[in-house]
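Visitor: Take a look at start11.txt, compact mmCIF, C-alpha atoms and all ligand atoms:
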# COMPACT_ATOMS: atom_id res chain seq x y z
CA MET A 2 103.71 -88.36 55.73
CA GLU A 3 101.67 -91.31 54.55
CA GLN A 4 98.21 -90.46 53.23
CA THR A 5 95.41 -92.77 52.18
CA GLU A 6 92.13 -92.75 50.29
CA LEU A 7 89.10 -92.83 52.57
CA SER A 8 87.88 -96.20 51.35
CA THR A 9 91.10 -98.27 51.32
CA ASP A 10 92.84 -99.97 54.23
CA THR A 11 93.58 -97.11 56.56
CA ALA A 12 94.67 -98.79 59.84
CA ASN A 13 97.98 -97.48 61.22
CA LYS A 14 98.06 -94.70 58.64
CA VAL A 15 97.28 -91.01 58.90
CA ILE A 16 93.85 -90.33 57.36
CA LEU A 17 93.31 -87.15 55.40
CA CYS A 18 89.66 -86.12 55.63
CA ARG A 19 87.35 -83.12 55.72
CA ALA A 20 86.64 -81.41 59.01
CA ALA A 21 85.00 -78.18 60.18
CA ILE A 22 87.67 -76.21 62.07
CA ALA A 23 86.86 -73.49 64.61
CA TRP A 24 89.95 -71.29 64.22
CA ARG A 25 88.53 -68.68 66.59
CA ALA A 26 85.24 -67.67 68.24
CA ASN A 27 82.73 -65.36 66.53
CA ALA A 28 83.66 -66.55 63.03
CA PRO A 29 82.20 -69.21 60.73
CA LEU A 30 83.68 -72.69 60.84
CA SER A 31 85.90 -73.51 57.90
CA ILE A 32 85.90 -76.82 56.07
CA GLU A 33 89.53 -77.90 55.80
CA LEU A 34 91.56 -81.02 55.09
CA LEU A 35 92.48 -82.52 58.45
CA GLU A 36 95.18 -85.12 59.14
CA VAL A 37 93.90 -87.61 61.72
CA ASP A 38 96.61 -89.73 63.36
CA PRO A 39 96.09 -93.43 64.06
CA PRO A 40 94.81 -94.22 67.56
CA LYS A 41 97.41 -94.78 70.29
CA ALA A 42 97.05 -97.37 73.07
CA CYS A 43 93.52 -97.42 74.59
CA GLU A 44 92.20 -95.15 71.81
CA VAL A 45 89.98 -95.78 68.78
CA ARG A 46 89.54 -94.04 65.43
CA ILE A 47 85.97 -93.59 64.21
CA LYS A 48 84.38 -92.81 60.85
CA ILE A 49 81.60 -90.40 61.78
CA LEU A 50 78.20 -90.94 60.18
CA SER A 51 76.11 -88.29 61.95
CA SER A 52 76.49 -85.53 64.53
CA GLY A 53 73.99 -83.32 66.32
CA ILE A 54 74.68 -79.65 66.97
CA CYS A 55 74.20 -78.87 70.67
CA GLY A 56 73.65 -75.48 72.33
CA THR A 57 77.04 -76.00 73.97
CA ASP A 58 78.76 -75.92 70.55
CA LEU A 59 76.93 -72.65 69.89
CA HIS A 60 78.11 -71.18 73.23
CA ILE A 61 81.70 -72.04 72.23
CA LEU A 62 81.38 -70.37 68.82
CA GLU A 63 79.86 -67.30 70.49
CA GLY A 64 82.87 -67.16 72.83
CA ARG A 65 80.62 -67.64 75.91
CA ASN A 66 82.06 -71.04 76.73
CA LYS A 67 85.87 -70.96 76.55
CA VAL A 68 87.75 -73.96 75.14
CA PRO A 69 91.23 -74.09 73.57
CA LEU A 70 91.08 -73.16 69.87
CA PRO A 71 91.66 -73.95 67.05
CA ALA A 72 89.58 -77.05 67.56
CA VAL A 73 87.27 -79.56 65.94
CA LEU A 74 84.00 -78.99 67.83
CA GLY A 75 80.99 -81.29 68.19
CA HIS A 76 80.39 -83.82 70.96
CA GLU A 77 77.22 -85.65 69.92
CA GLY A 78 78.16 -88.24 67.32
CA ALA A 79 77.48 -91.70 65.89
CA GLY A 80 79.92 -93.64 63.73
CA ILE A 81 81.74 -96.86 62.92
CA ILE A 82 85.04 -97.98 64.41
CA GLU A 83 87.72 -97.74 61.69
CA SER A 84 90.67 -99.00 63.77
CA VAL A 85 91.67 -99.51 67.40
CA GLY A 86 94.89 -98.94 69.33
CA GLU A 87 96.74 -101.45 71.47
CA GLY A 88 94.85 -102.84 74.44
CA VAL A 89 91.34 -101.88 73.28
CA THR A 90 88.90 -104.67 74.13
CA SER A 91 85.36 -103.23 74.32
CA VAL A 92 84.97 -102.32 70.61
CA LYS A 93 86.43 -103.56 67.30
CA PRO A 94 86.61 -102.28 63.70
CA GLY A 95 83.17 -102.25 62.07
CA ASP A 96 81.24 -101.77 65.35
CA LYS A 97 78.52 -99.11 65.41
CA VAL A 98 79.26 -96.70 68.26
CA LEU A 99 78.25 -93.50 69.99
CA MET A 100 80.80 -91.00 71.27
CA LEU A 101 80.44 -89.85 74.86
CA PRO A 102 81.23 -86.30 76.04
CA LEU A 103 81.36 -87.70 79.58
CA PRO A 104 83.60 -90.79 79.56
CA GLU A 105 83.29 -93.67 81.99
CA CYS A 106 86.65 -95.20 83.01
CA ARG A 107 85.02 -97.59 85.52
CA GLU A 108 88.07 -97.17 87.80
CA CYS A 109 87.89 -93.70 89.42
CA CYS A 110 86.00 -92.87 92.63
CA PHE A 111 83.11 -91.28 90.70
CA CYS A 112 82.69 -94.23 88.31
CA LEU A 113 82.85 -96.67 91.23
CA HIS A 114 80.25 -94.70 93.21
CA PRO A 115 76.78 -96.05 92.34
CA LYS A 116 75.44 -92.56 91.55
CA GLY A 117 78.58 -90.86 90.18
CA ASN A 118 78.77 -90.00 86.47
CA VAL A 119 81.43 -87.25 86.26
CA CYS A 120 84.45 -89.48 85.56
CA VAL A 121 87.76 -87.86 86.61
CA LYS A 122 89.02 -88.32 83.03
CA GLU A 123 86.41 -85.86 81.64
CA ASP A 124 87.65 -82.84 79.68
CA ILE A 125 84.58 -80.58 79.99
CA LEU A 126 84.96 -78.73 83.30
CA SER A 127 88.46 -77.30 82.61
CA PRO A 128 88.99 -78.29 78.99
CA THR A 129 92.54 -78.93 77.78
CA GLY A 130 91.45 -79.93 74.27
CA LEU A 131 94.02 -82.74 74.38
CA MET A 132 94.00 -86.51 74.71
CA LEU A 133 94.90 -87.95 78.13
CA ASP A 134 98.61 -88.13 77.18
CA GLY A 135 98.58 -84.35 76.64
CA THR A 136 98.83 -84.45 72.83
CA SER A 137 96.43 -84.05 69.89
CA ARG A 138 95.69 -86.46 67.02
CA PHE A 139 94.65 -83.64 64.64
CA THR A 140 96.84 -81.52 62.32
CA CYS A 141 95.74 -78.91 59.78
CA LYS A 142 98.05 -76.69 57.73
CA ALA A 143 101.01 -77.94 59.81
CA GLN A 144 99.28 -76.70 62.97
CA LYS A 145 98.09 -78.87 65.87
CA ILE A 146 94.29 -78.69 66.27
CA HIS A 147 92.55 -79.28 69.61
CA HIS A 148 89.93 -81.89 70.39
CA LEU A 149 86.67 -81.00 72.18
CA PHE A 150 85.54 -82.80 75.35
CA GLY A 151 87.47 -85.92 74.23
CA THR A 152 85.03 -86.34 71.31
CA SER A 153 85.21 -83.88 68.29
CA THR A 154 82.47 -84.95 65.89
CA PHE A 155 82.43 -82.21 63.20
CA THR A 156 84.90 -84.24 61.13
CA GLU A 157 84.74 -87.29 58.87
CA TYR A 158 87.14 -89.15 61.22
CA THR A 159 88.01 -88.64 64.88
CA VAL A 160 90.11 -90.30 67.58
CA VAL A 161 88.69 -90.84 71.07
CA HIS A 162 89.61 -92.86 74.16
CA GLU A 163 88.04 -96.26 74.53
CA ILE A 164 86.36 -94.94 77.71
CA ALA A 165 84.53 -92.29 75.63
CA VAL A 166 82.93 -94.66 73.17
CA VAL A 167 80.28 -97.35 73.42
CA LYS A 168 79.05 -100.05 71.07
CA ILE A 169 75.37 -99.82 70.21
CA ASP A 170 72.84 -102.17 68.64
CA ASP A 171 73.68 -103.21 65.05
CA ALA A 172 70.16 -102.24 63.96
CA SER A 173 70.58 -98.59 65.08
CA PRO A 174 69.60 -95.99 62.46
CA MET A 175 72.87 -94.05 62.37
CA ASN A 176 71.27 -90.90 60.95
CA LYS A 177 69.30 -90.47 64.19
CA VAL A 178 70.92 -92.07 67.20
CA CYS A 179 73.71 -89.46 67.43
CA ILE A 180 71.41 -87.36 69.64
CA ILE A 181 71.51 -90.15 72.24
CA SER A 182 75.12 -89.02 72.89
CA CYS A 183 73.97 -85.80 74.62
CA GLU A 184 70.53 -84.30 73.91
CA VAL A 185 68.41 -87.31 74.87
CA PRO A 186 70.21 -88.44 78.07
CA THR A 187 70.66 -84.83 79.22
CA GLY A 188 66.97 -83.97 78.87
CA PHE A 189 65.46 -87.31 79.90
CA GLY A 190 67.90 -87.81 82.78
CA ALA A 191 67.32 -84.31 84.18
CA VAL A 192 63.67 -85.33 84.61
CA PHE A 193 63.92 -89.06 85.44
CA ASN A 194 67.16 -89.11 87.47
CA THR A 195 67.84 -85.61 88.82
CA ALA A 196 64.41 -84.05 89.44
CA LYS A 197 62.36 -87.28 89.58
CA VAL A 198 59.22 -85.54 88.36
CA THR A 199 56.08 -86.93 89.97
CA PRO A 200 52.62 -87.57 88.43
CA GLY A 201 50.22 -84.64 88.62
CA SER A 202 52.99 -82.06 89.05
CA THR A 203 53.47 -78.67 87.41
CA CYS A 204 56.73 -78.15 85.55
CA VAL A 205 58.28 -75.08 83.96
CA VAL A 206 60.89 -75.45 81.24
CA PHE A 207 63.07 -72.46 80.37
CA GLY A 208 64.29 -72.86 76.78
CA LEU A 209 62.49 -75.02 74.20
CA GLY A 210 65.49 -76.02 72.08
CA GLY A 211 66.98 -79.52 71.94
CA ILE A 212 67.51 -80.11 75.64
CA GLY A 213 64.31 -78.30 76.71
CA SER A 214 62.23 -80.36 74.24
CA ALA A 215 63.66 -83.62 75.57
CA ILE A 216 62.82 -82.37 79.10
CA VAL A 217 59.23 -81.63 78.02
CA MET A 218 58.81 -85.15 76.58
CA ALA A 219 60.12 -86.70 79.80
CA CYS A 220 57.93 -84.47 82.03
CA LYS A 221 54.90 -85.58 80.04
CA ALA A 222 55.97 -89.23 80.29
CA SER A 223 56.30 -88.76 84.07
CA GLY A 224 52.67 -87.68 84.30
CA ALA A 225 53.12 -83.92 84.77
CA CYS A 226 49.67 -82.35 84.36
CA ARG A 227 50.85 -78.84 83.53
CA ILE A 228 54.02 -77.94 81.61
CA ILE A 229 54.81 -74.25 81.17
CA GLY A 230 57.26 -73.57 78.33
CA VAL A 231 59.32 -70.37 78.27
CA ASP A 232 61.16 -69.17 75.16
CA ILE A 233 61.84 -65.89 73.37
CA ASN A 234 61.27 -67.61 70.02
CA GLU A 235 57.54 -68.20 69.59
CA ASN A 236 58.15 -70.23 66.43
CA LYS A 237 59.19 -73.02 68.82
CA PHE A 238 55.75 -73.10 70.49
CA PRO A 239 53.73 -75.29 68.03
CA ARG A 240 56.24 -78.15 68.17
CA ALA A 241 56.54 -77.79 71.95
CA ARG A 242 52.74 -77.97 72.26
CA ALA A 243 52.74 -81.23 70.29
CA LEU A 244 55.34 -82.61 72.73
CA GLY A 245 53.28 -81.72 75.81
CA VAL A 246 53.69 -78.03 76.75
CA THR A 247 50.32 -76.74 78.00
CA ASP A 248 51.10 -73.02 78.64
CA PHE A 249 53.55 -70.67 76.95
CA LEU A 250 55.43 -67.58 78.08
CA ASN A 251 57.59 -65.29 75.99
CA PRO A 252 59.63 -63.17 78.45
CA ARG A 253 59.88 -60.39 75.84
CA ASN A 254 56.11 -59.89 75.92
CA LEU A 255 55.80 -59.80 79.70
CA LYS A 256 55.68 -56.63 81.77
CA LYS A 257 56.86 -58.49 84.89
CA PRO A 258 59.74 -60.92 85.48
CA VAL A 259 58.86 -64.35 84.12
CA GLN A 260 59.42 -65.95 87.54
CA GLN A 261 56.69 -63.72 89.04
CA VAL A 262 54.29 -64.65 86.25
CA VAL A 263 54.94 -68.36 86.86
CA VAL A 264 54.18 -67.91 90.57
CA GLU A 265 50.93 -66.07 89.73
CA MET A 266 49.91 -68.76 87.25
CA THR A 267 50.52 -71.61 89.67
CA GLY A 268 49.75 -70.14 93.09
CA PHE A 269 52.98 -71.23 94.78
CA GLY A 270 55.38 -71.65 91.87
CA ALA A 271 56.01 -74.77 89.82
CA ASP A 272 56.87 -78.10 91.46
CA PHE A 273 59.83 -78.56 89.10
CA ALA A 274 61.71 -75.93 87.09
CA PHE A 275 64.28 -76.77 84.40
CA GLU A 276 66.84 -74.32 83.02
CA ALA A 277 67.69 -75.30 79.42
CA ILE A 278 68.89 -71.98 78.00
CA GLY A 279 72.29 -71.54 79.60
CA LEU A 280 71.41 -68.44 81.63
CA ILE A 281 71.71 -68.22 85.39
CA ASP A 282 69.18 -65.39 85.72
CA THR A 283 66.28 -67.74 84.88
CA MET A 284 66.79 -69.83 88.02
CA LEU A 285 64.17 -69.37 90.76
CA ILE A 286 64.52 -70.65 94.31
CA ASN A 287 62.04 -70.42 97.16
CA SER A 288 62.51 -71.77 100.66
CA GLY A 289 62.03 -75.51 100.87
CA ARG A 290 63.14 -75.93 97.25
CA THR A 291 66.31 -77.59 96.00
CA LEU A 292 68.60 -76.42 93.19
CA LYS A 293 70.46 -79.24 91.44
CA GLY A 294 72.83 -79.36 88.54
CA SER A 295 72.67 -82.30 86.15
CA PHE A 296 75.45 -83.44 83.86
CA LEU A 297 74.35 -85.68 80.99
CA GLY A 298 71.22 -86.45 82.97
CA GLU A 299 73.27 -88.22 85.68
CA TYR A 300 73.48 -91.32 83.48
CA LYS A 301 76.64 -93.42 83.72
CA SER A 302 77.48 -93.02 80.07
CA ARG A 303 78.94 -96.35 78.94
CA ASP A 304 76.57 -98.36 81.16
CA CYS A 305 73.33 -96.58 80.30
CA ILE A 306 73.52 -95.02 76.81
CA PRO A 307 73.42 -98.30 74.80
CA LYS A 308 70.28 -99.19 76.76
CA LEU A 309 68.65 -95.89 75.67
CA VAL A 310 69.44 -96.83 72.05
CA THR A 311 67.86 -100.25 72.54
CA ASP A 312 64.83 -98.66 74.25
CA TYR A 313 64.44 -96.46 71.16
CA LEU A 314 64.69 -99.46 68.80
CA GLN A 315 62.08 -101.28 70.91
CA LYS A 316 59.85 -98.16 70.79
CA LYS A 317 59.92 -97.71 74.58
CA ILE A 318 61.16 -94.15 74.05
CA ASN A 319 60.79 -91.90 71.02
CA ILE A 320 63.50 -89.53 69.85
CA ASP A 321 62.20 -88.78 66.34
CA PRO A 322 60.46 -85.47 67.20
CA LEU A 323 63.73 -84.16 68.64
CA ILE A 324 65.40 -83.99 65.19
CA THR A 325 63.81 -81.26 63.08
CA HIS A 326 66.52 -80.44 60.52
CA THR A 327 69.24 -82.38 58.70
CA PHE A 328 72.12 -80.95 56.67
CA HIS A 329 75.05 -82.40 54.81
CA PHE A 330 78.12 -81.99 57.03
CA GLU A 331 79.71 -79.45 54.68
CA ARG A 332 76.73 -77.14 55.23
CA ILE A 333 77.48 -76.92 58.95
CA ASN A 334 77.47 -73.10 58.95
CA ASN A 335 73.91 -73.11 57.52
CA ALA A 336 72.94 -75.52 60.30
CA PHE A 337 74.30 -73.11 62.95
CA GLU A 338 72.36 -70.26 61.29
CA VAL A 339 69.11 -72.25 61.45
CA LEU A 340 69.72 -73.07 65.13
CA GLN A 341 70.05 -69.34 65.95
CA ASP A 342 67.43 -67.97 63.53
CA GLU A 343 64.38 -66.63 65.38
CA ASN A 344 62.26 -67.20 62.26
CA GLU A 345 63.02 -70.90 62.49
CA ASN A 346 61.53 -73.61 64.69
CA CYS A 347 64.59 -75.76 65.13
CA ILE A 348 64.84 -78.31 67.93
CA ARG A 349 67.96 -80.16 66.77
CA CYS A 350 69.99 -80.06 63.54
CA VAL A 351 71.73 -83.29 62.64
CA LEU A 352 74.69 -83.31 60.25
CA LEU A 353 74.94 -86.29 57.89
CA PHE A 354 78.31 -87.27 56.45
P1 LIG B 401 69.30 -74.67 71.92
O1 LIG B 401 70.03 -73.53 71.30
O2 LIG B 401 68.72 -75.73 71.06
O3 LIG B 401 68.09 -74.12 72.84
C1 LIG B 401 68.16 -72.95 73.62
C2 LIG B 401 66.75 -72.32 73.64
O4 LIG B 401 66.74 -71.22 74.54
C3 LIG B 401 66.32 -71.78 72.28
O5 LIG B 401 65.03 -72.27 71.96
C4 LIG B 401 66.31 -70.26 72.48
O6 LIG B 401 65.34 -69.61 71.68
C5 LIG B 401 66.00 -70.16 73.95
N1 LIG B 401 66.42 -68.89 74.58
C6 LIG B 401 67.57 -68.20 74.36
N2 LIG B 401 67.61 -67.12 75.17
C7 LIG B 401 66.48 -67.12 75.91
C8 LIG B 401 65.94 -66.27 76.92
N3 LIG B 401 66.60 -65.19 77.34
N4 LIG B 401 64.74 -66.58 77.46
C9 LIG B 401 64.05 -67.68 77.05
N5 LIG B 401 64.52 -68.54 76.10
C10 LIG B 401 65.71 -68.26 75.53
O7 LIG B 401 70.33 -75.33 72.97
P2 LIG B 401 70.27 -76.78 73.67
O8 LIG B 401 71.07 -77.74 72.86
O9 LIG B 401 68.87 -77.10 74.00
O10 LIG B 401 71.08 -76.48 75.00
C11 LIG B 401 70.48 -75.72 76.05
C12 LIG B 401 71.46 -75.52 77.21
O11 LIG B 401 71.79 -76.79 77.79
C13 LIG B 401 72.79 -74.90 76.79
O12 LIG B 401 73.17 -73.95 77.75
C14 LIG B 401 73.76 -76.08 76.82
O13 LIG B 401 75.10 -75.66 77.06
C15 LIG B 401 73.20 -76.86 77.99
N6 LIG B 401 73.59 -78.30 77.99
C16 LIG B 401 73.84 -78.87 79.22
C17 LIG B 401 74.18 -80.21 79.29
C18 LIG B 401 74.45 -80.87 80.61
O14 LIG B 401 74.85 -82.04 80.64
N7 LIG B 401 74.21 -80.21 81.72
C19 LIG B 401 74.28 -80.97 78.10
C20 LIG B 401 74.00 -80.36 76.89
C21 LIG B 401 73.63 -79.02 76.85
ZN ZN B 402 75.72 -81.39 74.27
Kindly present the structure from the file in structure tokens form.
Guide:
Amino acid sequence: MEQTELSTDTANKVILCRAAIAWRANAPLSIELLEVDPPKACEVRIKILSSGICGTDLHILEGRNKVPLPAVLGHEGAGIIESVGEGVTSVKPGDKVLMLPLPECRECCFCLHPKGNVCVKEDILSPTGLMLDGTSRFTCKAQKIHHLFGTSTFTEYTVVHEIAVVKIDDASPMNKVCIISCEVPTGFGAVFNTAKVTPGSTCVVFGLGGIGSAIVMACKASGACRIIGVDINENKFPRARALGVTDFLNPRNLKKPVQQVVVEMTGFGADFAFEAIGLIDTMLINSGRTLKGSFLGEYKSRDCIPKLVTDYLQKKINIDPLITHTFHFERINNAFEVLQDENENCIRCVLLF
């Protein structure tokens, strides 16, 4: 097998790099040397510069969200194109890009529908952990390693399909914009596209982590006059207050179900309720209300995500408060500990490579 140094000409060669491998659930990730194959037709290889850690990655490590293992996890990443496979036209080596957990092929019925964003080529709903040709580009200790959601960002290099990557503004600060792969569109889009929060409304947000905090910012920007934040970790409350939460509830300190308390506080219940924990028991439906799911905030990923980056650069939106911790990539297990630690006030940890 041909191996190369990270900094020399690597196109068409296998790259040997460091990656965090999830060998199984309920165990720490292990930093290993990973062989990353060159991209095949319609694929690109990316040098990762930063990656957020999403609650979904945590659910996978806890065994609550089943994906094929061993795998390289992570689906929220920013990087630079190292090389491209045959037929790739939308990006070229050297381009700054974001990786997209929901691809956009622009050919399937969902991509062609004006409101559709769940491209049929996604690998989230029934994950195979493989590229579209049914194989993997990752090998470690002579064993094939799975991809995650067609992205895999907890590695120095990854291979993704052209439809799961998008070029962003050259001026993008690469240590920050990774969260525009998932956290920012998911939270903002749930409010702006799915719920369409109206001025003067009352909102309740269950979970004040990364997604919940982005939801709070968007509710405030939509003119909500009351935002009730619910979390079991009260260390999250001061930051949430600064983002716009007006009232706080810790379900552990309540003698009644939190839903009942919300109804008592508001008279008839909130106008808009957002579930950003990952629990179905926090959902509350009365007659005349609508329950909607929202995948990546209903944004068409390749069409809309570069625009969010540009909006950030032009200061039309702010994402800075959503990143509270940064770690060197090799300290990824410490980052997961901080995310789960109830003595911490973490919104989002970003790994820097
Ligand atoms: P996170 O870990 O940053 O935040 C979760 C928050 O919930 C934490 O603040 C935690 O203290 C709180 N919490 C946990 N149990 C609770 C309980 N019983 N009652 C109240 N609060 C509780 O995670 P995140 O990155 O914000 O992700 C949140 C959820 O959103 C996850 O389930 C994730 O899978 C999901 N998600 C969905 C999409 C989508 O497109 N639909 C995208 C990304 C993430
Ligand atoms: Zn995510």
Visitor: Nearest residue to Val185 (chain A) out of A:Leu297, A:Leu103, A:Leu314, A:Val161, using all atoms listed in the file?
Guide: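 Answer, going by the shortest atom-to-atom distance: A:Leu297.
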Visitor: Work out where the centre of an axis-aligned box around every listed atom of region 130-134 of chain A lies and how long its edges are once 8 Å is added on each side; give both in Å to one decimal as JSON.
Guide:
{"center_x": 95.0, "center_y": -84.0, "center_z": 76.2, "size_x": 23.2, "size_y": 24.2, "size_z": 19.9}
Visitor: Once you count all atoms listed in the file, which residues end up within 9 Å of ligand LIG 401 (chain B), and could you hand them over as JSON, numbers by chain?
Guide: {"A": [54, 55, 56, 57, 58, 59, 60, 61, 66, 102, 103, 183, 184, 186, 187, 188, 191, 207, 208, 209, 210, 211, 212, 213, 214, 215, 231, 232, 233, 234, 235, 236, 237, 250, 251, 252, 253, 276, 277, 278, 279, 280, 282, 283, 294, 295, 296, 297, 298, 299, 340, 341, 342, 343, 346, 347, 348, 349, 350]}
Visitor: Using only C-alpha atoms, which of A:Phe150, A:Phe155, A:Tyr313, A:Phe238 sits nearest Ile49 (chain A)?
Guide: A:Phe155
Visitor: I need the residue nearest Phe330 (chain A) from this list: A:Gly75, A:Gly190, A:Pro69, A:Pro128. Use all atoms listed in the file for the distance.
Guide: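 Nearest candidate to Phe330 (chain A) out of A:Gly75, A:Gly190, A:Pro69, A:Pro128: A:Gly75.
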Visitor: Could you tell me which of A:Ala28, A:Ile47, A:Glu108, A:Ser153 comes closest to ligand ZN 402 (chain B) if we count all atoms listed in the file?
Guide: A:Ser153
